[in-house]
>>> print(open('protein03.txt').read())   # compact mmCIF, C-alpha atoms and all ligand atoms
# COMPACT_ATOMS: atom_id res chain seq x y z
CA MET Z 21 30.59 -54.29 21.21
CA ASN Z 22 27.29 -56.02 21.39
CA ARG Z 23 25.29 -56.16 18.23
CA ILE Z 24 22.42 -53.96 19.39
CA ALA Z 25 24.69 -51.20 20.59
CA PHE Z 26 26.60 -51.26 17.31
CA ILE Z 27 23.45 -50.95 15.24
CA THR Z 28 22.16 -48.18 17.48
CA LEU Z 29 25.41 -46.26 17.20
CA THR Z 30 25.50 -46.65 13.44
CA LEU Z 31 21.91 -45.56 13.03
CA ALA Z 32 22.41 -42.62 15.38
CA THR Z 33 25.50 -41.48 13.48
CA LEU Z 34 23.65 -41.67 10.17
CA LEU Z 35 20.68 -39.80 11.60
CA MET Z 36 22.92 -37.15 13.08
CA ALA Z 37 24.70 -36.61 9.78
CA GLY Z 38 21.36 -36.31 8.04
CA THR Z 39 20.08 -33.85 10.61
CA LEU Z 40 23.21 -31.75 10.37
CA ALA Z 41 22.82 -31.59 6.61
CA GLY Z 42 19.21 -30.59 7.15
CA CYS Z 43 20.31 -27.88 9.55
CA ILE Z 44 22.76 -26.44 7.07
CA ALA Z 45 20.14 -26.45 4.34
CA ASP Z 46 17.74 -24.86 6.83
CA SER Z 47 19.94 -21.90 7.58
CA ARG Z 48 20.45 -21.28 3.88
CA ASP Z 49 16.71 -21.43 3.21
CA SER Z 50 15.65 -19.73 6.41
CA VAL Z 51 14.89 -16.42 4.70
CA SER Z 52 11.75 -16.39 2.62
CA VAL Z 53 10.03 -13.57 0.78
CA GLU Z 54 6.26 -13.77 0.86
CA ASP Z 55 3.19 -11.84 -0.24
CA HIS Z 56 5.14 -9.76 -2.74
CA TRP Z 57 3.45 -7.43 -5.19
CA GLY Z 58 4.11 -4.23 -7.11
CA ARG Z 59 2.20 -1.10 -7.98
CA PRO Z 60 1.31 -0.26 -11.57
CA GLY Z 61 2.94 2.68 -13.31
CA PHE Z 62 3.72 4.08 -16.72
CA GLU Z 63 7.05 4.08 -18.56
CA GLY Z 64 9.17 6.92 -17.20
CA ASP Z 65 7.16 7.16 -13.98
CA ASN Z 66 7.92 5.72 -10.57
CA ALA Z 67 6.51 2.60 -8.91
CA ALA Z 68 7.07 0.50 -5.82
CA ALA Z 69 7.13 -3.11 -4.64
CA TYR Z 70 6.09 -4.56 -1.30
CA MET Z 71 6.69 -7.87 0.48
CA GLU Z 72 7.17 -9.66 3.74
CA ILE Z 73 10.70 -10.88 4.46
CA ARG Z 74 10.58 -13.79 6.88
CA ASN Z 75 13.71 -14.78 8.70
CA ASP Z 76 13.44 -18.17 10.42
CA GLY Z 77 17.19 -18.34 10.90
CA ASP Z 78 19.25 -17.62 13.98
CA ASP Z 79 20.96 -14.51 12.61
CA ASP Z 80 19.66 -11.13 11.52
CA VAL Z 81 19.49 -10.59 7.77
CA ALA Z 82 19.63 -7.18 6.10
CA LEU Z 83 18.11 -6.29 2.74
CA ILE Z 84 20.59 -3.81 1.27
CA GLY Z 85 19.44 -3.35 -2.29
CA ALA Z 86 17.53 -4.67 -5.26
CA SER Z 87 17.96 -4.83 -8.99
CA SER Z 88 15.74 -5.34 -12.00
CA ASP Z 89 15.56 -4.20 -15.59
CA ILE Z 90 12.18 -2.63 -14.87
CA ALA Z 91 13.56 0.77 -13.78
CA GLU Z 92 16.53 3.07 -14.31
CA THR Z 93 17.10 3.39 -10.59
CA ILE Z 94 16.04 1.12 -7.73
CA GLU Z 95 16.41 2.08 -4.08
CA ILE Z 96 15.26 0.83 -0.71
CA HIS Z 97 12.94 3.51 0.65
CA GLN Z 98 11.00 4.45 3.70
CA THR Z 99 8.01 6.77 3.79
CA ARG Z 100 7.80 8.62 7.06
CA MET Z 101 6.58 11.78 8.68
CA GLU Z 102 9.31 14.38 8.67
CA SER Z 103 10.10 15.56 12.17
CA PRO Z 104 10.69 19.21 13.13
CA GLU Z 105 14.41 18.48 13.60
CA ASP Z 106 14.65 17.38 9.98
CA GLN Z 107 13.05 20.68 9.03
CA ASN Z 108 15.76 22.78 10.59
CA SER Z 109 18.49 20.99 8.69
CA HIS Z 110 17.34 22.08 5.25
CA ASP Z 111 14.71 24.71 5.79
CA ASP Z 112 15.68 27.58 3.51
CA ASP Z 113 12.56 29.52 4.46
CA ALA Z 114 13.18 29.72 8.17
CA ASP Z 115 10.90 32.64 8.92
CA ASP Z 116 7.91 30.76 7.58
CA SER Z 117 6.89 28.91 10.71
CA GLU Z 118 4.31 26.86 8.85
CA HIS Z 119 6.82 25.32 6.49
CA GLY Z 120 6.63 21.56 6.88
CA GLN Z 121 4.23 21.76 9.76
CA ASP Z 122 0.73 23.03 9.14
CA SER Z 123 -1.26 24.97 11.68
CA HIS Z 124 -2.96 21.76 12.77
CA GLY Z 125 0.24 19.94 13.52
CA HIS Z 126 0.50 17.62 10.52
CA GLY Z 127 4.04 17.26 9.30
CA MET Z 128 5.26 16.45 5.87
CA MET Z 129 5.41 12.93 4.48
CA ILE Z 130 8.73 12.22 2.83
CA MET Z 131 10.29 9.23 1.12
CA GLU Z 132 13.94 8.64 1.70
CA GLU Z 133 16.53 6.03 0.89
CA VAL Z 134 17.53 3.70 3.72
CA GLN Z 135 20.76 1.71 3.81
CA SER Z 136 19.11 -1.52 4.88
CA ILE Z 137 15.95 -3.16 6.14
CA VAL Z 138 16.71 -5.74 8.80
CA ALA Z 139 14.70 -8.92 9.28
CA SER Z 140 15.66 -9.94 12.81
CA ALA Z 141 16.40 -13.56 13.62
CA GLY Z 142 13.17 -15.47 14.12
CA SER Z 143 10.88 -12.70 12.95
CA SER Z 144 9.76 -10.92 9.81
CA VAL Z 145 9.79 -7.42 8.43
CA LEU Z 146 7.03 -5.92 6.32
CA LEU Z 147 7.47 -3.69 3.30
CA GLU Z 148 4.05 -2.06 2.97
CA PRO Z 149 2.42 1.11 1.65
CA GLY Z 150 3.24 4.10 3.83
CA GLY Z 151 6.40 2.45 5.18
CA TYR Z 152 9.29 0.50 3.69
CA HIS Z 153 9.24 -0.18 -0.03
CA VAL Z 154 11.44 -1.04 -2.95
CA MET Z 155 11.29 2.14 -5.02
CA PHE Z 156 11.48 2.06 -8.83
CA MET Z 157 12.41 5.35 -10.46
CA GLY Z 158 12.10 5.77 -14.19
CA LEU Z 159 10.16 2.68 -15.27
CA THR Z 160 11.56 1.20 -18.49
CA ARG Z 161 8.10 0.02 -19.52
CA ASP Z 162 4.45 0.31 -18.50
CA LEU Z 163 3.41 -1.87 -15.59
CA GLU Z 164 -0.23 -2.88 -15.84
CA PRO Z 165 -2.10 -4.95 -13.28
CA GLY Z 166 -1.34 -8.61 -13.98
CA ASP Z 167 2.12 -7.92 -15.46
CA THR Z 168 5.07 -9.68 -13.88
CA PHE Z 169 8.76 -8.87 -13.64
CA SER Z 170 11.84 -10.29 -11.90
CA LEU Z 171 13.30 -8.51 -8.92
CA THR Z 172 16.60 -9.61 -7.39
CA LEU Z 173 17.00 -8.81 -3.72
CA HIS Z 174 20.49 -8.28 -2.32
CA PHE Z 175 21.15 -9.22 1.29
CA GLU Z 176 24.21 -8.44 3.33
CA GLU Z 177 24.62 -11.90 4.88
CA ILE Z 178 23.11 -14.32 2.38
CA ASP Z 179 22.89 -14.94 -1.35
CA ASP Z 180 20.68 -12.90 -3.66
CA GLN Z 181 17.09 -13.99 -4.00
CA THR Z 182 15.19 -13.42 -7.22
CA ILE Z 183 11.44 -13.17 -6.94
CA GLU Z 184 8.70 -12.69 -9.50
CA ILE Z 185 6.66 -9.59 -8.76
CA THR Z 186 3.07 -9.43 -9.97
CA VAL Z 187 1.61 -5.98 -10.53
CA GLU Z 188 -1.56 -5.47 -8.58
CA GLU Z 189 -4.05 -2.73 -7.83
CA ARG Z 190 -4.21 -2.72 -4.05
CA MET E 16 18.47 -53.00 24.76
CA ASN E 17 18.66 -54.42 28.24
CA LEU E 18 19.87 -51.53 30.41
CA THR E 19 20.66 -53.65 33.42
CA THR E 20 23.23 -55.68 31.50
CA GLN E 21 24.52 -52.83 29.36
CA ASN E 22 28.24 -52.98 28.80
CA ALA E 23 30.64 -50.04 28.59
CA ARG E 24 30.29 -49.72 24.84
CA GLY E 25 26.55 -49.02 25.09
CA PHE E 26 27.24 -45.71 26.79
CA PRO E 27 28.51 -43.70 23.77
CA ALA E 28 25.45 -44.77 21.83
CA LEU E 29 23.22 -43.22 24.49
CA ILE E 30 25.25 -40.00 24.44
CA VAL E 31 24.86 -39.84 20.67
CA ILE E 32 21.12 -40.36 20.93
CA ILE E 33 20.79 -37.62 23.55
CA ALA E 34 22.96 -35.27 21.50
CA LEU E 35 20.87 -36.05 18.48
CA GLY E 36 17.73 -35.19 20.38
CA LEU E 37 19.19 -31.84 21.43
CA LEU E 38 20.32 -31.11 17.90
CA VAL E 39 16.87 -31.80 16.44
CA THR E 40 15.37 -29.52 19.06
CA ALA E 41 17.84 -26.73 18.33
CA CYS E 42 17.28 -27.00 14.62
CA SER E 43 13.51 -27.02 14.66
CA SER E 44 12.96 -24.42 17.37
CA SER E 45 13.06 -21.50 14.96
CA ASP E 46 10.11 -22.96 13.05
CA GLU E 47 7.91 -22.50 16.07
CA ILE E 48 8.29 -18.74 16.23
CA GLU E 49 5.17 -17.14 14.87
CA PRO E 50 5.24 -13.78 13.09
CA GLU E 51 3.93 -10.92 15.20
CA PRO E 52 0.19 -10.59 14.71
CA THR E 53 -0.91 -7.62 12.64
CA PRO E 54 -3.18 -5.40 14.73
CA VAL E 55 -6.71 -5.04 13.47
CA ALA E 56 -7.27 -1.32 13.36
CA THR E 57 -10.91 -0.61 12.73
CA ALA E 58 -12.86 -3.30 14.57
CA GLU E 59 -13.70 -1.43 17.72
CA LYS E 60 -14.14 2.09 16.50
CA GLY E 61 -17.46 3.80 17.12
CA ASP E 62 -19.69 5.67 14.71
CA GLY E 63 -18.52 9.15 15.70
CA PRO E 64 -15.99 11.15 13.70
CA ARG E 65 -12.49 9.72 13.62
CA GLY E 66 -10.63 12.71 12.20
CA MET E 67 -10.10 16.09 13.81
CA VAL E 68 -13.31 18.16 13.83
CA LEU E 69 -12.72 21.87 13.18
CA GLY E 70 -15.23 23.83 15.19
CA ASP E 71 -14.70 27.28 13.73
CA SER E 72 -16.82 26.87 10.56
CA ALA E 73 -14.33 28.77 8.42
CA GLN E 74 -15.26 28.93 4.75
CA ALA E 75 -13.10 26.65 2.58
CA PRO E 76 -10.75 28.91 0.56
CA ASP E 77 -11.99 28.89 -3.02
CA PHE E 78 -9.82 28.19 -6.04
CA GLU E 79 -10.02 27.60 -9.75
CA LEU E 80 -7.80 24.87 -11.15
CA ILE E 81 -7.82 22.53 -14.18
CA ASP E 82 -9.28 19.04 -13.84
CA ASP E 83 -7.73 15.90 -15.31
CA GLU E 84 -9.91 16.21 -18.41
CA GLY E 85 -8.59 19.70 -19.07
CA ASN E 86 -11.70 21.58 -17.89
CA PRO E 87 -11.75 24.49 -15.43
CA PHE E 88 -12.71 23.41 -11.91
CA ARG E 89 -13.93 25.93 -9.35
CA LEU E 90 -14.25 24.52 -5.84
CA SER E 91 -17.27 26.63 -4.88
CA ASP E 92 -19.24 25.19 -7.82
CA HIS E 93 -19.25 21.85 -6.00
CA HIS E 94 -20.54 22.72 -2.55
CA GLY E 95 -23.69 20.87 -1.61
CA ARG E 96 -21.66 17.69 -1.45
CA VAL E 97 -19.03 16.67 1.08
CA ILE E 98 -15.61 17.23 -0.49
CA ALA E 99 -12.57 15.14 0.51
CA MET E 100 -9.34 16.70 -0.71
CA PHE E 101 -5.83 15.24 -0.73
CA PHE E 102 -2.60 16.72 -2.05
CA GLY E 103 -0.03 14.58 -3.84
CA TYR E 104 1.73 13.93 -7.15
CA THR E 105 1.75 11.21 -9.76
CA PHE E 106 5.46 10.36 -9.40
CA CYS E 107 4.71 9.37 -5.81
CA PRO E 108 4.21 5.59 -5.91
CA ASP E 109 3.65 4.92 -2.22
CA ILE E 110 1.51 7.15 -0.02
CA CYS E 111 -0.37 8.88 -2.87
CA PRO E 112 -1.79 5.75 -4.53
CA LEU E 113 -2.54 4.47 -1.04
CA THR E 114 -4.73 7.51 -0.36
CA LEU E 115 -6.38 7.14 -3.78
CA MET E 116 -7.16 3.52 -2.89
CA HIS E 117 -8.67 4.77 0.37
CA MET E 118 -10.86 7.18 -1.61
CA SER E 119 -12.00 4.36 -3.91
CA HIS E 120 -12.71 2.15 -0.92
CA ALA E 121 -14.63 4.93 0.80
CA LYS E 122 -16.74 5.44 -2.29
CA GLU E 123 -17.56 1.74 -2.34
CA VAL E 124 -18.45 1.72 1.37
CA LEU E 125 -20.66 4.79 0.97
CA GLY E 126 -22.72 3.08 -1.72
CA ASP E 127 -25.63 5.29 -2.75
CA GLN E 128 -24.38 8.06 -0.50
CA ALA E 129 -21.24 8.33 -2.63
CA ASP E 130 -23.21 10.68 -4.89
CA ASP E 131 -23.17 13.16 -2.01
CA ALA E 132 -19.37 13.11 -1.88
CA LEU E 133 -16.60 14.35 -4.15
CA PHE E 134 -12.99 13.21 -3.93
CA LEU E 135 -10.22 15.53 -5.10
CA PHE E 136 -6.49 14.95 -5.66
CA VAL E 137 -4.64 18.27 -5.99
CA THR E 138 -1.10 18.08 -7.36
CA VAL E 139 1.97 19.40 -5.58
CA ASP E 140 3.94 18.90 -8.82
CA PRO E 141 2.64 21.26 -11.53
CA GLU E 142 5.81 20.71 -13.58
CA ARG E 143 5.12 17.04 -14.28
CA ASP E 144 1.42 16.71 -13.52
CA THR E 145 -0.29 17.84 -16.68
CA PRO E 146 -4.01 17.09 -16.99
CA GLU E 147 -3.11 14.13 -19.23
CA GLN E 148 -0.61 12.73 -16.73
CA LEU E 149 -3.14 13.15 -13.91
CA HIS E 150 -5.89 11.56 -15.98
CA ARG E 151 -4.02 8.31 -16.57
CA TYR E 152 -2.99 8.24 -12.91
CA MET E 153 -6.60 8.68 -11.76
CA ALA E 154 -7.58 5.80 -14.06
CA ARG E 155 -5.69 3.58 -11.58
CA ALA E 156 -8.41 4.36 -9.07
CA ASP E 157 -11.21 4.11 -11.65
CA HIS E 158 -11.51 7.91 -11.66
CA ASN E 159 -13.10 7.81 -8.24
CA ALA E 160 -11.12 10.98 -7.55
CA ILE E 161 -10.71 14.04 -9.77
CA GLY E 162 -7.13 15.14 -10.37
CA LEU E 163 -6.51 18.90 -10.27
CA THR E 164 -3.57 20.88 -11.57
CA GLY E 165 -2.91 24.47 -12.61
CA ASP E 166 -0.19 27.03 -13.02
CA PRO E 167 2.47 27.05 -10.28
CA ASP E 168 1.42 30.39 -8.77
CA THR E 169 -2.24 29.42 -8.48
CA LEU E 170 -1.31 26.09 -6.94
CA ALA E 171 1.13 27.69 -4.49
CA GLN E 172 -1.74 29.81 -3.18
CA VAL E 173 -3.96 26.74 -2.77
CA TRP E 174 -1.22 24.90 -0.88
CA GLU E 175 -0.80 27.87 1.41
CA ASP E 176 -4.55 28.21 1.97
CA TYR E 177 -4.76 24.55 2.97
CA SER E 178 -1.53 24.47 5.01
CA ILE E 179 0.17 22.08 2.62
CA ALA E 180 3.95 22.11 2.95
CA VAL E 181 5.67 21.24 -0.34
CA ASP E 182 9.38 20.50 -0.44
CA VAL E 183 11.05 19.63 -3.74
CA GLU E 184 13.96 17.26 -3.11
CA PRO E 185 16.36 17.20 -6.09
CA ARG E 186 18.21 13.96 -6.77
CA ASP E 187 21.67 13.39 -8.23
CA ASP E 188 20.20 11.91 -11.41
CA GLY E 189 18.42 15.18 -12.21
CA SER E 190 14.96 14.01 -11.17
CA TYR E 191 13.25 14.95 -7.95
CA LEU E 192 10.88 13.73 -5.29
CA ILE E 193 8.52 15.96 -3.32
CA GLY E 194 7.88 15.88 0.40
CA HIS E 195 4.39 17.11 1.15
CA SER E 196 1.76 17.27 3.87
CA ALA E 197 -0.54 14.29 3.56
CA GLN E 198 -3.66 15.12 5.57
CA VAL E 199 -7.09 14.84 3.96
CA TRP E 200 -9.35 17.89 4.24
CA LEU E 201 -13.08 17.39 4.52
CA ILE E 202 -15.35 20.23 3.49
CA ASP E 203 -18.99 20.06 4.52
CA PRO E 204 -21.92 20.61 2.12
CA ASP E 205 -22.13 24.26 3.19
CA GLY E 206 -18.55 24.84 2.08
CA HIS E 207 -17.01 24.98 5.55
CA LEU E 208 -13.69 23.47 6.51
CA ALA E 209 -15.12 20.70 8.65
CA MET E 210 -12.47 18.09 9.41
CA ILE E 211 -8.89 16.98 8.90
CA LEU E 212 -7.99 13.31 8.61
CA PRO E 213 -4.41 12.36 9.43
CA PRO E 214 -2.31 10.41 6.89
CA SER E 215 -2.84 7.28 8.99
CA ALA E 216 -6.59 7.27 8.28
CA ASP E 217 -7.74 4.38 6.09
CA GLY E 218 -10.62 4.00 3.65
CA ASP E 219 -13.06 2.99 6.38
CA ASP E 220 -12.15 6.05 8.44
CA LEU E 221 -12.65 8.24 5.39
CA ALA E 222 -16.03 6.67 4.56
CA ASN E 223 -17.11 7.01 8.19
CA ASP E 224 -16.29 10.71 8.40
CA VAL E 225 -17.67 11.60 4.98
CA ARG E 226 -20.92 9.84 5.92
CA TRP E 227 -20.95 11.64 9.27
CA LEU E 228 -20.76 14.97 7.47
CA ILE E 229 -23.36 13.96 4.88
CA ASN E 230 -25.77 12.89 7.62
CA GLY E 231 -24.97 15.92 9.75
CA SER E 232 -25.98 18.31 7.03
CA SER E 233 -29.31 16.59 6.42
CA SER E 234 -30.40 16.36 10.07
CU CU G 1 9.90 5.79 -2.41
>>> encode(input="protein03.txt", output="structure tokens")
Amino acid sequence: MNRIAFITLTLATLLMAGTLAGCIADSRDSVSVEDHWGRPGFEGDNAAAYMEIRNDGDDDVALIGASSDIAETIEIHQTRMESPEDQNSHDDDADDSEHGQDSHGHGMMIMEEVQSIVASAGSSVLLEPGGYHVMFMGLTRDLEPGDTFSLTLHFEEIDDQTIEITVEER
Amino acid sequence: MNLTTQNARGFPALIVIIALGLLVTACSSSDEIEPEPTPVATAEKGDGPRGMVLGDSAQAPDFELIDDEGNPFRLSDHHGRVIAMFFGYTFCPDICPLTLMHMSHAKEVLGDQADDALFLFVTVDPERDTPEQLHRYMARADHNAIGLTGDPDTLAQVWEDYSIAVDVEPRDDGSYLIGHSAQVWLIDPDGHLAMILPPSADGDDLANDVRWLINGSSS
């Protein structure tokens, strides 16, 4: 082997190993949680947290739960307009045609638990007021603007991520 | 490296370099994907009303409830101003504070004209929303809105009069959430049901329509 080719091959192999290591680290760190904040609330009441989950990896990632000592119960929620089909399933007042749907066509806003929130590969998903949120039920202490607390996010495919939520009035 | 005299052993090195190039490309490509842009909602809206205008000039159904300082509150005592009225509950941490924030924002946008408007938050949860509970909740929005509660029968009539569906959803842990209609009613200074804003309306929409009604009544 000539000297130049040998050096080139050696350098290339080293570079490749380094890049591979970088790639592995990349996929582990490819999910980031940004712009996170929480609503204030009083002990015993409910509150919520919002964030953007960015997934720069090549595989979808699903948020499936969260935990913190800030509330008795924590669920992943979605606020949405209840559709007429939902009405029929639990409408115990069937002869009241206005139930759930006022005379001007506005349905009812409900919050419900969702099994997961998926951040698709190469994109991000937003938890924001009026949509997805992390729901805290039964706050264990008052949350005033400026307060902070730890929130651990559980994902289906990757390790937990613990973030520091700051309480804000937004 | 002199390519014209390259021997057989130079070839694998080239392959490795090419492979390396591909690998770097594959690894960095995901960094180049930008998040979807958030649409800007209000930039191109005109000055006209944004909510649904009710043409029939029906009188706003009157009621007497208790405000968040414990005083009686009769709706008809407050005509002469534009009234914006939302229904919600203090254990609602998502859409209800959002609407309160919209009311605060609207008040700010209205500036001096805010004196000609009154913002009301009527509970759908008389069991938990005492005047005290409402008062500390309204403090979150600097008391820009007045919280109203009352006995369950009186409130049920108000909900019916304003087409507010209320659905108590019990939970396994013994607590409950409440599904409820989330439109904002606007009552003009003469006490007529003037407009309905959908839940998607923001603080700018609210300010715009309140101002439209304030100006309409003075012209
Ligand atoms: Cu919720």
>>> residues_near_ligand(input="protein03.txt", ligand="ligand CU 1 (chain G)", cutoff="6 Å", atoms="all atoms listed in the file", output="count of residues only")
3
>>> residues_near_point(input="protein03.txt", point="(7.6, 7.9, -15.6)", cutoff="9 Å", atoms="only C-alpha atoms", output="list in words")
Gly61, Phe62, Glu63, Gly64, Asp65, Asn66, Ala67, Met157, Gly158, Leu159, Thr160, Arg161 and Asp162 of chain Z; Thr105 and Phe106 of chain E
>>> residues_around(input="protein03.txt", residues="region 152-166 of chain E", least_positions_apart="3", cutoff="10 Å", atoms="all atoms listed in the file", output="PyMOL selection string")
(chain Z and resi 59-62+164-165+189-190) or (chain E and resi 79-88+99-106+112-123+129+133-149+169-171)
>>> atom_distance(input="protein03.txt", atom1="CA of Gly142 (chain Z)", atom2="CA of Asp109 (chain E)")
27.8 Å
>>> closest_residue(input="protein03.txt", among="Z:Ser50, Z:Gln181, Z:Asn75, Z:Thr186", to="Ser87 (chain Z)", atoms="all atoms listed in the file")
Z:Gln181
>>> closest_residue(input="protein03.txt", among="Z:Ala86, Z:Val53, Z:Val145, Z:Ile137", to="chain E", atoms="only C-alpha atoms")
Z:Val145
>>> residues_around(input="protein03.txt", residues="Gln98 (chain Z)", least_positions_apart="2", cutoff="12 Å", atoms="all atoms listed in the file", output="ChimeraX atom specification")
/Z:68-70,95-96,100-102,129-137,146-155 /E:108-110
>>> atom_distance(input="protein03.txt", atom1="CA of Ile185 (chain Z)", atom2="CA of Gly194 (chain E)")
27.1 Å
>>> atom_distance(input="protein03.txt", atom1="CA of Val199 (chain E)", atom2="CA of Leu212 (chain E)")
5.0 Å
>>> closest_residue(input="protein03.txt", among="E:Val68, E:Cys107, E:Val181, E:Ile98", to="Ile202 (chain E)", atoms="only C-alpha atoms")
E:Ile98
>>> axis_aligned_box(input="protein03.txt", around="region 66-83 of chain E", padding_each_side="8 Å", output="AutoDock Vina command-line options")
--center_x -12.3 --center_y 20.8 --center_z -0.1 --size_x 25.1 --size_y 32.2 --size_z 46.5
>>> residues_near_point(input="protein03.txt", point="(-20.4, 20.3, 3.5)", cutoff="9 Å", atoms="only C-alpha atoms", output="list in words")
His94, Gly95, Arg96, Val97, Ile98, Leu201, Ile202, Asp203, Pro204, Asp205, Gly206, His207, Leu208, Ala209, Leu228, Ile229, Gly231 and Ser232 of chain E
>>> closest_residue(input="protein03.txt", among="E:Gly189, E:Pro213, E:Gly218, E:Gly63", to="chain Z", atoms="all atoms listed in the file")
E:Pro213
>>> closest_residue(input="protein03.txt", among="Z:Asp76, Z:Glu176, Z:Glu188, Z:Gly85", to="chain E", atoms="all atoms listed in the file")
Z:Asp76
